[in-house]
Structures are given as C-alpha cells and as structure tokens.
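Asks: One structure coming up, written as structure tokens, with questions to follow.
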Amino acid sequence: MTDFSALIAKIGKAYAEIAKLEHAAQQGDPDPFLTIQINSIRRMAEQLESEWQNQAHEEFQEVCFYRVVADRAKKYSVAPVFRSISTFQSLFSQVFDALVHEPKERARISLEVENQTDLKLAYTYPGSFGFALYADSDASLFEDKFRQTAAVVADIMKTEDEFHVRDIASIHGQAVVKRIYDWSRANFESDFGVDLKWHGIVSDPIKTYSSPALFGNLVDIIEGTVDKSVASLEVVGILLGMDTQTRRFRFHAQPSGDDFAGLTDRDFDLSKDWTLNHRYKAKIRATTESRYATLESKVSYELLSLEEYSRG
C-alpha cells in the first residue's frame with residue numbers, strides 16, 4: 001500500500017499537471033492530443049483520490065471536500081479564499097464545541113477543541129478552487145466523530161428567517177451564530193459559492209451547496225436579529241446635565257458611581273426648573289440590545305422621572 005503522504009503528493013502532482021495542460025490548451029488552437037492527455041491524467045487523479053479516501057478511512061480520518069465556486073472569469077486572490085476556508089474552520093470548531101461540551105455565548109475556542117477539530121490540507125483540486133481536507137477521527141460502530149457537526153453545518157445553510165437563527169442560538173449558542181455570520185460574510189463579499197462534501201468513516205456522506213445569494217441572505221438575516229430587554233431602575237444621585245432642547249440628560253448615581261446619559265422620556269416634565277448638581281431620586285428605563293452579528297450589547301437610557309431626595 002502506498003504511504004498516505006506519498007499518495008497526497010501524487011494527487012497534487014497530477015492536478016498540477018492537469019492545470020498546466022489546460023492552461024496550454026487555452027493558449028493555442030484545439031489540440032486533440034492535449035485533450036487525451038488531460039483526460040488520461042484526470043482519470044489517474046480520480047483513481048488516486050479513491051485510493052486516498054479508502055486509506056484515510058482505514059487510518060480513521062474523516063474527509064472534507066471544500067470547493068470555492070466563483071464566476072469562471074474571476075481570478076482567485078489569496079486573501080478572500082483564505083477568509084472563506086479559515087472562517088469555515090472556525091464555524092466547524094465552534095459547532096463541535098457546542099455539541100460536545102456546551103453552547104457558548106462568546107466565540108472562544110479552547111486549544112483542546114482547536115486541536116481536535118483541526119482540518120488538515122491534503123491537496124487542492126481544479127473545478128473552481130477545491131480543497132481536500134481531513135481530520136483525525138475516532139468513529140464508533142454507528143457514527144463518526146464529526147458526523148453531527150457536519151450535519152449541523154449543512155442544516156445551518158437552510159436558514160431562511162430570523163426564527164431559524166434564534167433556534168440555532170438557543171440550541172447551539174450565540175457564538176455559533178457569530179461564526180455563521182463571519183463565514184457567510186466572507187463568502188458573500190467575495191461573491192463565492194461553496195460546495196461542501198463530508199465523508200465519514202461509517203456514515204453516509206453529507207453534501208450541501210451554498211450560493212453567494214444564500215450567503216448574502218444569511219448576512220442580512222443575522223444582522224437584523226437583535227435581542228432586546230428592558231429594565232426599570234431607581235437610583236439616587238446627582239443631576240449633572242439637562243438640555244431641554246435636545247431632551248438629553250446626564251445623571252451620576254451615588255454611591256455606586258454609575259453614570260447614566262440619554263434622552264428624557266416624552267412624558268417627562270421639561271418645563272420644570274431642574275437644579276443641576278442637586279440630589280434626586282431618578283427612575284430610569286434601561287434598554288439593552290444584543291446583536292447576533294457582533295455579539296455586542298448596547299444599552300440606552302431614558303429618564304422617566306426625578307424626585308427630590310432627602311436622607312430622611
């Protein structure tokens with residue numbers, strides 16, 4: 001049996017030769033001999049690929065074919081192609097982490113999970129721009145180590161609305177949604193589609209294709225998905241600012257030292273002569289918006305009322 005690394009080298013050389021011959025064919029007049037050569041080497045490459053996949057299975061390695069699909073006239077630049085595959089790696093690791101450990105609200109991956117989910121590059125192949133990847137597995141009798149992870153990624157690409165995004169966040173954590181957004185945006189901005197095929201050791205293959213339009217739809221949906229929560233606060237402190245024209249206020253709570261700045265509620269009485277640097281009891285509405293696309297939270301404040309305060 002050919003050594004695993006040697007097989008990878010042979011496949012790489014075969015596809016490199018195909019690319020060279022195809023380039024030569026495009027530069028000159030049609031040449032039947034070149035076509036025969038290309039077809040012959042392609043058959044050899046496919047045979048080597050089949051042998052490589054079989055050997056990968058025997059060595060408990062799951063295989064992923066990740067193909068970046070672009071307009072035929074488009075030339076591939078390093079940065080966008082790298083972003084496409086690196087953001088996919090991050091999504092894959094985050095989903096695995098959520099399934100094996102627990103869903104997370106922040107997109108952080110431990111070194112242990114990074115090592116477990118590391119997708120290694122075997123070779124690249126033509127047909128747009130393809131990457132043959134593999135990951136060390138420990139398949140059971142009935143299911144591969146990464147079967148469920150690949151299935152979740154495939155399901156994610158069927159997302160059509162905000163409700164599905166919220167379901168993903170509820171089941172797998174907001175960190176997974178953030179990774180989906182990063183991957184989708186990387187491909188949409190480069191006008192890439194992605195053809196994904198996952199081959200386990202004991203399970204049936206998982207195949208999915210995502211078009212640039214689908215990635216763009218995902219970007220729009222996730223950017224528009226916001227969680228909002230409202231809380232009513234009662235704080236004692238000093239009124240530092242009150243602008244009756246812009247309806248803006250600033251209040252410094254004591255003894256906590258928290259500062260609150262924002263707009264007054266539309267029912268707040270601005271006709272009264274409020275005294276600056278004076279102690280009041282304030283009722284404030286705090287509205288928190290959490291955006292799924294960035295995992296950032298923004299808090300805005302509205303002043304509902306002020307009352308004279310004495311220590312009594």
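Identifiers in the structure tokens: chain A, B, ... in order shown; residue index from 1 per chain; ligand index from 1 in order shown.
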Apply DSSP to the structure's backbone, then extract all residues of stretch 5-155 of chain A labelled helix (DSSP H, G or I) and return them as a ChimeraX atom specification.

Replies: /A:5-27,32-58,78-100,111-116,147-155

Asks: Find the residues near A:Ser93: any atom within 9 Å, counting only C-alpha atoms, skip ones fewer than 2 places away on the same chain, and give them as a PDB file with N, CA, C and O atoms, in the first residue's frame.

Replies:
```pdb
ATOM      1  N   PHE A  88     -14.677  29.051   7.806  1.00  0.00           N
ATOM      2  CA  PHE A  88     -15.345  27.746   7.883  1.00  0.00           C
ATOM      3  C   PHE A  88     -14.736  26.896   8.990  1.00  0.00           C
ATOM      4  O   PHE A  88     -15.456  26.247   9.757  1.00  0.00           O
ATOM      5  N   GLN A  89     -13.410  26.894   9.078  1.00  0.00           N
ATOM      6  CA  GLN A  89     -12.747  26.154  10.152  1.00  0.00           C
ATOM      7  C   GLN A  89     -13.237  26.625  11.518  1.00  0.00           C
ATOM      8  O   GLN A  89     -13.525  25.806  12.409  1.00  0.00           O
ATOM      9  N   SER A  90     -13.361  27.930  11.709  1.00  0.00           N
ATOM     10  CA  SER A  90     -13.823  28.479  12.983  1.00  0.00           C
ATOM     11  C   SER A  90     -15.255  28.042  13.281  1.00  0.00           C
ATOM     12  O   SER A  90     -15.586  27.691  14.417  1.00  0.00           O
ATOM     13  N   LEU A  91     -16.118  28.074  12.262  1.00  0.00           N
ATOM     14  CA  LEU A  91     -17.506  27.628  12.439  1.00  0.00           C
ATOM     15  C   LEU A  91     -17.548  26.148  12.804  1.00  0.00           C
ATOM     16  O   LEU A  91     -18.271  25.743  13.722  1.00  0.00           O
ATOM     17  N   VAL A  95     -19.155  24.733  16.321  1.00  0.00           N
ATOM     18  CA  VAL A  95     -20.287  23.798  16.351  1.00  0.00           C
ATOM     19  C   VAL A  95     -19.909  22.532  17.114  1.00  0.00           C
ATOM     20  O   VAL A  95     -20.668  22.040  17.952  1.00  0.00           O
ATOM     21  N   PHE A  96     -18.727  21.998  16.834  1.00  0.00           N
ATOM     22  CA  PHE A  96     -18.263  20.797  17.542  1.00  0.00           C
ATOM     23  C   PHE A  96     -18.202  21.053  19.046  1.00  0.00           C
ATOM     24  O   PHE A  96     -18.646  20.223  19.851  1.00  0.00           O
ATOM     25  N   ASP A  97     -17.681  22.198  19.434  1.00  0.00           N
ATOM     26  CA  ASP A  97     -17.574  22.556  20.846  1.00  0.00           C
ATOM     27  C   ASP A  97     -18.950  22.610  21.496  1.00  0.00           C
ATOM     28  O   ASP A  97     -19.144  22.134  22.618  1.00  0.00           O
ATOM     29  N   ALA A  98     -19.914  23.198  20.797  1.00  0.00           N
ATOM     30  CA  ALA A  98     -21.273  23.301  21.332  1.00  0.00           C
ATOM     31  C   ALA A  98     -21.913  21.929  21.511  1.00  0.00           C
ATOM     32  O   ALA A  98     -22.638  21.692  22.483  1.00  0.00           O
ATOM     33  N   ILE A 109     -12.640  29.461  21.486  1.00  0.00           N
ATOM     34  CA  ILE A 109     -12.380  28.038  21.309  1.00  0.00           C
ATOM     35  C   ILE A 109     -11.139  27.672  22.118  1.00  0.00           C
ATOM     36  O   ILE A 109     -10.109  28.343  22.026  1.00  0.00           O
ATOM     37  N   VAL A 113     -10.070  21.949  21.824  1.00  0.00           N
ATOM     38  CA  VAL A 113     -11.042  21.837  20.729  1.00  0.00           C
ATOM     39  C   VAL A 113     -10.387  22.189  19.399  1.00  0.00           C
ATOM     40  O   VAL A 113     -10.641  21.550  18.370  1.00  0.00           O
ATOM     41  N   GLU A 114      -9.531  23.200  19.392  1.00  0.00           N
ATOM     42  CA  GLU A 114      -8.801  23.556  18.167  1.00  0.00           C
ATOM     43  C   GLU A 114      -8.026  22.361  17.630  1.00  0.00           C
ATOM     44  O   GLU A 114      -8.040  22.075  16.429  1.00  0.00           O
ATOM     45  N   GLN A 116      -8.542  19.149  18.301  1.00  0.00           N
ATOM     46  CA  GLN A 116      -9.437  18.049  17.920  1.00  0.00           C
ATOM     47  C   GLN A 116     -10.079  18.281  16.555  1.00  0.00           C
ATOM     48  O   GLN A 116     -10.329  17.325  15.813  1.00  0.00           O
ATOM     49  N   THR A 117     -10.386  19.531  16.248  1.00  0.00           N
ATOM     50  CA  THR A 117     -11.143  19.842  15.031  1.00  0.00           C
ATOM     51  C   THR A 117     -10.263  20.387  13.906  1.00  0.00           C
ATOM     52  O   THR A 117     -10.776  20.893  12.910  1.00  0.00           O
ATOM     53  N   ASP A 118      -8.983  20.286  14.056  1.00  0.00           N
ATOM     54  CA  ASP A 118      -8.050  20.816  13.065  1.00  0.00           C
ATOM     55  C   ASP A 118      -8.240  20.112  11.725  1.00  0.00           C
ATOM     56  O   ASP A 118      -8.069  18.894  11.617  1.00  0.00           O
ATOM     57  N   THR A 149     -21.525  17.256  13.675  1.00  0.00           N
ATOM     58  CA  THR A 149     -21.027  18.605  13.398  1.00  0.00           C
ATOM     59  C   THR A 149     -21.273  18.976  11.942  1.00  0.00           C
ATOM     60  O   THR A 149     -21.778  20.068  11.635  1.00  0.00           O
TER      61      THR A 149
END
```

Asks: Run DSSP on the backbone and give me the residues of stretch 1-120 of chain A it puts in strand (DSSP E or B), as a list in words.

Replies: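 Selecting the strand (DSSP E or B) positions of stretch 1-120 of chain A gives Gln61, Glu62, Val63, Cys64, Phe65, Tyr66, Arg67, Val68, Val69 and Lys120 of chain A.
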
Asks: Considering only C-alpha atoms, state which residue in the set A:Leu239, A:Ala122, A:Val176, A:Ala261 is at the smallest distance from A:Glu105.

Replies: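 The closest residue to A:Glu105 is A:Val176.
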
Asks: Can you tell me, as a PyMOL selection string, what residues are no more than 12 Å from A:Thr244 when counting only C-alpha atoms, ignoring any on the same chain fewer than 6 positions away?

Replies: chain A and resi 263-266+268-274

Asks: Hey, what's within 12 Å of stretch 204-206 of chain A if we count only C-alpha atoms and toss same-chain stuff fewer than 2 positions away? As JSON, numbers by chain, please?

Replies: {"A": [62, 63, 64, 65, 66, 142, 143, 144, 146, 147, 148, 149, 150, 151, 152, 153, 154, 155, 195, 196, 197, 198, 199, 200, 201, 202, 208, 209]}

Asks: Just want the 12 Å neighbourhood of stretch 54-56 of chain A, counted on only C-alpha atoms, with same-chain residues fewer than 2 positions away dropped. Output as a PyMOL selection string.

Replies: chain A and resi 1-8+47-52+58-64+122+132-137+199-202

Asks: If you count only C-alpha atoms, which residues fall within 10 Å of stretch 16-22 of chain A, apart from same-chain ones fewer than 4 positions away, as a count of residues only?

Replies: 17

Asks: Can you measure atom CA of A:Met157 to atom CA of A:Ser210 for me? One decimal in Å is fine.

Replies: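 Rounded to one decimal, the two atoms are 6.7 Å apart.
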
Asks: Find, counting only C-alpha atoms, the residue in A:Tyr280, A:Tyr181, A:Ala213, A:Ser203 that gets nearest to A:His57.

Replies: A:Ser203

Asks: Considering only C-alpha atoms, can you say which of A:His172, A:Arg291, A:Lys298, A:Lys120 comes closest to A:Ile156?

Replies: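 Among A:His172, A:Arg291, A:Lys298, A:Lys120, it is A:His172 that comes nearest to A:Ile156.
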
Asks: Just give me the gap between atom CA of A:Ala79 and atom CA of A:Arg67 in Å, one decimal is fine.

Replies: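 Interatomic distance, atom CA of A:Ala79 to atom CA of A:Arg67: 15.7 Å.
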
Asks: For A:Arg285, which residue among A:Leu306, A:Ala24, A:Ala231, A:Leu240 is the nearest when counting only C-alpha atoms?

Replies: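 Among the listed residues, the smallest separation from A:Arg285 belongs to A:Ala231.
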